[in-house]
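Asker: Okay, handing you the structure first.
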Number of protein chains: 2
Amino acid sequence: MAKKQKTFRPKARVPRGFHDRLGPELTAERDMLARISAVYEAHGFDALETPAFEYTDALGKFLPDVDRPNAGVFSLQDDDDQWMSLRYDLTAPLARFVAENYDGLPKPFRRYQVGPVWRNEKPGPGRFRQFTQCDADTVGAPAPHADAEMCALFADVIEAAGIDKHNFVIRVSNRKIVDGLFEKLNLEGDEAAQTRLTVMRSMDKFDRFGADGVTMLLGSGRKDESGDFTDGAALNDAKIETVLSFLNSGPEHSDDPLGVIGAILGDTKNGEEGLRELNAIKSSIPDFAERPILFDCSVIRGLEYYTGPVFEAGLTFGATDDKGRPVRFGSVGGGGRYDGLVKRFKGVEVPAVGISVGVSRLLAALEFTTDAFPRPAGPVVVLALEKDQMAAYQQMAAELRDAGLRAEVYLGGSNFAKQLKYADKRGAPVAIIQGEDERAMGEVTIKDLVLGAELSKNIADNKQWREGQPAQFTVERAELVEAVKQTVSRTSQ
Amino acid sequence: MAKKQKTFRPKARVPRGFHDRLGPELTAERDMLARISAVYEAHGFDALETPAFEYTDALGKFLPDVDRPNAGVFSLQDDDDQWMSLRYDLTAPLARFVAENYDGLPKPFRRYQVGPVWRNEKPGPGRFRQFTQCDADTVGAPAPHADAEMCALFADVIEAAGIDKHNFVIRVSNRKIVDGLFEKLNLEGDEAAQTRLTVMRSMDKFDRFGADGVTMLLGSGRKDESGDFTDGAALNDAKIETVLSFLNSGPEHSDDPLGVIGAILGDTKNGEEGLRELNAIKSSIPDFAERPILFDCSVIRGLEYYTGPVFEAGLTFGATDDKGRPVRFGSVGGGGRYDGLVKRFKGVEVPAVGISVGVSRLLAALEFTTDAFPRPAGPVVVLALEKDQMAAYQQMAAELRDAGLRAEVYLGGSNFAKQLKYADKRGAPVAIIQGEDERAMGEVTIKDLVLGAELSKNIADNKQWREGQPAQFTVERAELVEAVKQTVSRTSQ
C-alpha cells in the first residue's frame, strides 16, 4: 500500500481583529456614504483617493523600531528598503498630498475622501483594526469663513446621512476660549502645563461627576466609591468658581452661551479672540438660528489637536432633560481648525479646517431610527422545477428586475421543498412556481412567503395547512409582474 | 548663540508604484461601480466586504521566505507571529469566507465584491501596485444553468457600465472543448504536457501570425524577423489541419461556431461534453440571439485557471472586418467555472462560477465613448467681495445647490482678479459677483466663464475687452438661480 502524503489544509479564519461584512449592513453604509459624498460634491469638494500605503516617515512615525515595526500602525519594508505603513487616518495622506502637489492645486483646496484606515491596536469587542473614515477638509483658507462653511456643511452632511435635524446637534467650541480660561486662571506658562492638563481632565468629567465632583477634582482631590484617590488641581475657591461658571455656559444650562463666556473671559486676549471667531461663524451662516448648531464651550474633548474652532456632532434623538434642553447621546463625528497640516513637510503653516464623520456610529444611529434604514428585501425567488425551462424562468426573473424588483432563479438543482427552504433562507418575500401543469395552462403560482409565515403561526394541523394552501394564488403568466408587485408592496407595509 | 537643531523634514512623495486620484476620474469610476453593483443586487447577489488582510497560509502563499517576505504579495508578521498578507485578488478571500461560514450560507451562494487589491510587483507605466477589482461569483451551483446566468449577467453588467451592446461582445468558450482537441490529437497523457503547452501557445498567436505562422509553430518551428527561432510542436500535417480548422471556428470565420467544433470534436468525450454545456447555456438564456454573446472556442487565454465554460468581455466599438464580422479590440473582463474554490480548506470540491470586471480598462473605454463619461463640471463660484456679507454669499451658494448645481463661495480672502483666476482654475462655468453697488441695487452679476474664454480668443485689444465686458450680465437677486441655470445649460451643450 502506498503511503499517502498528508495534505496541508489551512484553517479558514478571518485575521484577528478584522471582520467580514455581508449584505444589508454593507449596502446601507454604501448608500449613506453616497448621500454624504453628494453633499460634499455639491459644496465644491473634489473626491480624492490616496493609496493604502504611505512612507512611514511621511506618516510621522519615522523609522520603525526593528523589534516592533508594527507598533500602532502596520508597517513593512519595501524592496528598496524604504519603510511603508498603512494609513491610520485620512489627514496624514492629505498632508502628504498637499505638500507634494502644492503649487498645482487651486487654493483654497477643498477635498473629501472616503476609505478604509488601519490601526494596529489590540482588538476588542466592536473594536476593529480596519474601519471606514469619511473626511472633508478645506486647505489654505484662513478663519473664520472657512470654519463657518465647514460647520454648516457638517450639519448638512449628518442630515443627508439620514438623521433628522431635530435628532442631532453640532456643538461648536474654540480652543482659544479654553486658552482664555487658563489666562484668567493664571495658568499660562510652561510650568503650569501639568495643572492645565489636570484642570482639563477634571472639566471633561463634568457630565459624569457633576459640580460637586469637579469641585473636588479642581481643589484638594476626590476619593471614588472604591476608595481610590485622585489628586486635585489645587485651585483656590475663586478659580474653581470661575471654572464652574465656564462649565455652566453650555446650552443645557444657558440660553446665551457666548454671553456667559463673554462675561467670564471677555477681558482676556485669547478669550476675546475666540469669541470674535465664534461670533463671525454665527454671522457667516445664513439662517443660523434654524440650524442644528449650538455653541458649547464646555466641550473639551479633541481640543489638544485643534488650534481654533472645534465641532462635535452629537445625537440627541429628541431626548431632553427636565428643563426641555437637549441631552447628549453620542458623538458621530468631529472636526475643527488645525494649522500645522503640512508644516512637517514644508516648514510653513498652512491653515486648514476639516471634519471627520464617524461612519460606523452614524450607521448604528441610522439602524436605530428605522425609517432611515430600510432593510433591503431578499430577492424574489423563481423556482426551477423543469430543467429544460431555465430560459423561461430566467425570462420571469428578467421581467421582475425590469420592474425594479430583485429577482433570481434557483440554481441548485434540488427538489421543491429544498427550493422553498432556500427562498426562506434568502428572505424572499415571494416565490414563483411554474410546474408542468401551470405551464400547460399558461399560468404561474405566486407564493406569499411573508403572509405564509404569518399564517403558519396560527395553524396547528399540518394536514389542514397543506390542503388549504393559504398565502398562494395563481395568475395568468402575462400578469406575473403586476401580481408580484402588488404582493410585495402589501407585505412590506 | 544657541545652536539650532536641524529639523527633520521628510520629502512628501507617494510610495513607489502607487498613485493618487482626484476628481472626475474617481467619481466616474465610483458611479460606474454603483451602476454595476445595482445590476448584481437586482440579480440576487449580496455585497460582501472582506478585510484587506488575509492570513498568508489562507492565500495559498504559506510561510513567507524570511529573506523576501513580500515576493508577489505584501506581507507582515502580526504580534502573535502569524503572517498576514494584503489580498492580491477577491477570489482567495471569497474561498476563505465560504470555507469559514459554509454551513450558515444559503446555497447556492451569490455574492459580489468591489474593492482594492494589492500586488507587490515591479511598477511600470500604467501598472500600479494597488487597483480596484469588481467580481461576482455563484458558489455551490453546478453547470450549466449557473454558467448561463453568469454569462447573461456579464453582458448586462458591461451594458450597465455604459458600453452600448453593439460595442462589446462576451466570447464564450469551454476548457473541455480544448481538452477534446487534445483527445483528438492524441496528446492526453502526462508525457504530452509540454507539447500541449506548445500547441496552446501557438494557437494563442493565431491573431498575430495568421494561419501560416501558426502552421510553422505547430510543425517544425518558426524564425521571426530578428532571426530568432522558436521550436515547433512537431505535429503532423493532418493534426495541424485539425488545429487550424479549430481556430477557424471563431465568429470572425464562421456563422455556426458550435457546428464547426461539433464536426471536428463531436466524437471525443471531452469535446462532446463541452459542446453539450455550451448548447445548454444557449438554451438557458432567454432571447439568446439578441444578446451580445458569441461562442468562440479559439479563445485560449485564461483556460489553465478554469475547469469548464470561460467568458471574456471584449470591446468592438462597432469595428468590423471586410466581411462585416466584429473585430477584437481589448478585454474588459473575464470569468468562468472553477470547481476548486474551497478545496484547499475543506478537501472537497465546491462548484463555482464567476466574473471579474476589468475596472480601469472599462473606465478607459467609457472615457473613449464620451457620451457615457460626462465630465463633472467645476462648481459655480460665488465671489466674496465684502467680508461682512459672507452669509449672503453662502445663501446664494445654498440656493444654487438646492437647484441641483455644484456651488461654492470663494474663501481665500484675495482680491477680485485672484478670485476670478481661482474660478478659472476650478473649471467653474460661471462666477457670481455682488459688490457694494450691485447689493445696493438688489442685483447680481453673472459672468459666463465658458463664453468669456471663447470670446477672448477672438479679441486683440485688451482695452476694448475690458470696456465691452462681454459674457456678463446683471439680473435681479431673486432671478439668480434661474439665470445661472440657463447660462450653465447653454454653455454645457
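Chain lettering (A, B, ...) mirrors the order of the C-alpha cells, residue numbering begins at 1 for each chain separately, and ligand numbering begins at 1 in order of display.
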Counting only C-alpha atoms, which residues in chain B sit no more than 6 Å from chain A? For each one, give the nearest pair of atoms and the distance in Å, sorted by chain then residue number, as a Markdown table.

Answerer:
```
| residue | atom | partner | partner_atom | distance |
| --- | --- | --- | --- | --- |
| B:Arg9 | CA | A:Phe345 | CA | 5.3 |
| B:Pro10 | CA | A:Phe345 | CA | 5.8 |
| B:Ala12 | CA | A:Glu100 | CA | 5.1 |
| B:Pro15 | CA | A:Glu54 | CA | 5.9 |
| B:Asp20 | CA | A:Thr50 | CA | 4.6 |
| B:Arg21 | CA | A:Glu49 | CA | 5.1 |
| B:Leu22 | CA | A:Leu48 | CA | 4.5 |
| B:Gly23 | CA | A:Ala47 | CA | 4.9 |
| B:Ala42 | CA | A:Arg406 | CA | 4.2 |
| B:His43 | CA | A:Glu408 | CA | 5.4 |
| B:Gly44 | CA | A:Glu408 | CA | 5.4 |
| B:Asp46 | CA | A:Gly23 | CA | 5.0 |
| B:Ala47 | CA | A:Gly23 | CA | 4.9 |
| B:Leu48 | CA | A:Leu22 | CA | 4.5 |
| B:Glu49 | CA | A:Arg21 | CA | 5.1 |
| B:Thr50 | CA | A:Asp20 | CA | 4.6 |
| B:Glu54 | CA | A:Pro15 | CA | 5.9 |
| B:Ala58 | CA | A:Pro10 | CA | 6.0 |
| B:Arg96 | CA | A:Ala12 | CA | 5.2 |
| B:Ala99 | CA | A:Ala12 | CA | 6.0 |
| B:Glu100 | CA | A:Ala12 | CA | 5.1 |
| B:Pro108 | CA | A:Gly412 | CA | 5.9 |
| B:Ala141 | CA | A:Gly412 | CA | 5.1 |
| B:Ser284 | CA | A:Ala391 | CA | 4.2 |
| B:Ile285 | CA | A:Ala391 | CA | 4.9 |
| B:Pro286 | CA | A:Ala391 | CA | 4.8 |
| B:Arg344 | CA | A:Arg9 | CA | 5.9 |
| B:Phe345 | CA | A:Arg9 | CA | 5.3 |
| B:Pro379 | CA | A:Gly44 | CA | 5.5 |
| B:Met390 | CA | A:Ser284 | CA | 4.9 |
| B:Ala391 | CA | A:Ser284 | CA | 4.2 |
| B:Gln395 | CA | A:Pro286 | CA | 5.8 |
| B:Arg406 | CA | A:Ala42 | CA | 4.2 |
| B:Ala407 | CA | A:His43 | CA | 5.6 |
| B:Glu408 | CA | A:Gly44 | CA | 5.4 |
| B:Leu411 | CA | A:Ala141 | CA | 5.8 |
| B:Gly412 | CA | A:Ala141 | CA | 5.1 |
```

Asker: Could you tell me, as an MDAnalysis selection string, which residues of segment 44-272 of chain A DSSP assigns to strand (DSSP E or B) when given the backbone?

Answerer: chainID A and resid 46:49 53:55 72 75:77 83:86 109:118 120 124 127 130:139 168:174 221:223 229:231

Asker: Taking 6 positions as the minimum chain separation for residues in the same chain, which residues sit within 7 Å of Ala233 of chain B when counting only C-alpha atoms? Answer as a compact mmCIF listing (two decimals) with N, CA, C and O atoms, in the first residue's frame.

Answerer:
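Dumped everything to out03.txt:
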```txt
# COMPACT_ATOMS: atom_id res chain seq x y z
N THR B 195 4.06 19.32 -24.95
CA THR B 195 3.53 19.54 -26.30
C THR B 195 2.21 20.30 -26.24
O THR B 195 1.96 21.22 -27.04
N THR B 198 2.93 23.90 -25.77
CA THR B 198 3.43 24.50 -27.02
C THR B 198 2.28 24.72 -28.00
O THR B 198 2.20 25.77 -28.65
N VAL B 199 1.37 23.74 -28.10
CA VAL B 199 0.23 23.88 -29.01
C VAL B 199 -0.64 25.07 -28.57
O VAL B 199 -1.04 25.90 -29.40
N LEU B 217 4.58 27.10 -36.26
CA LEU B 217 4.74 26.87 -34.83
C LEU B 217 4.23 25.49 -34.41
O LEU B 217 4.76 24.87 -33.48
N LEU B 218 3.21 25.00 -35.11
CA LEU B 218 2.67 23.68 -34.78
C LEU B 218 3.52 22.57 -35.39
O LEU B 218 3.50 21.43 -34.93
N GLY B 219 4.27 22.92 -36.43
CA GLY B 219 5.08 21.92 -37.12
C GLY B 219 6.54 21.98 -36.71
O GLY B 219 6.90 21.71 -35.57
N SER B 220 7.38 22.43 -37.66
CA SER B 220 8.83 22.33 -37.43
C SER B 220 9.44 23.56 -36.74
O SER B 220 10.62 23.55 -36.39
```

Asker: With DSSP run on the backbone, what are the alpha helix (DSSP H) residues within segment 308-492 of chain B? I'd like them as number ranges by chain.

Answerer: B: 343-346, 359-368, 390-402, 416-425, 436-441, 449-456, 462-468, 480-491

Asker: Contacts of segment 184-191 of chain B at 12 Å or less, counting only C-alpha atoms, minus same-chain residues fewer than 3 places along, as a short mmCIF file (atom, residue, chain, number, x, y, z; two decimals) with C-alpha atoms, in the first residue's frame?

Answerer:
```
data_model
loop_
_atom_site.label_atom_id
_atom_site.label_comp_id
_atom_site.auth_asym_id
_atom_site.auth_seq_id
_atom_site.Cartn_x
_atom_site.Cartn_y
_atom_site.Cartn_z
CA ILE B 177 -13.52 21.61 -25.76
CA VAL B 178 -9.79 22.29 -25.82
CA ASP B 179 -9.39 19.06 -23.83
CA GLY B 180 -11.42 17.43 -26.63
CA LEU B 181 -9.00 18.84 -29.17
CA GLN B 194 4.91 20.01 -22.79
CA THR B 195 3.53 19.54 -26.30
CA ARG B 196 0.07 20.64 -25.15
CA LEU B 197 1.58 23.81 -23.76
CA THR B 198 3.43 24.50 -27.02
CA VAL B 199 0.23 23.88 -29.01
CA MET B 200 -1.79 26.26 -26.80
CA LEU B 218 2.67 23.68 -34.78
CA ALA B 233 5.24 21.36 -31.62
CA ALA B 234 6.20 18.81 -34.30
CA LEU B 235 2.63 17.81 -35.16
CA ASN B 236 1.99 16.03 -38.44
CA ASP B 237 0.10 17.71 -41.29
CA ALA B 238 -3.24 16.09 -40.52
CA LYS B 239 -3.07 17.26 -36.90
CA ILE B 240 -2.04 20.76 -37.92
CA GLU B 241 -5.04 20.79 -40.24
CA THR B 242 -7.28 19.84 -37.31
CA VAL B 243 -5.93 22.67 -35.15
CA PHE B 246 -10.48 24.53 -34.84
CA ILE B 261 -16.48 22.41 -33.48
CA ALA B 263 -17.81 18.41 -36.89
CA ILE B 264 -14.22 18.32 -35.60
CA LEU B 265 -14.59 17.15 -32.00
CA GLY B 266 -18.14 15.84 -31.63
CA ASP B 267 -16.80 12.28 -31.43
CA THR B 268 -14.45 12.99 -28.49
CA LYS B 269 -15.62 12.52 -24.91
CA ASN B 270 -14.47 15.93 -23.66
CA GLY B 271 -15.48 17.76 -26.83
CA GLU B 272 -18.96 16.28 -26.75
#
```

Asker: Using only C-alpha atoms, which residue out of A:Met32, A:Ala364, A:Val382, A:Met150 lies closest to Phe311 of chain A?

Answerer: A:Met150
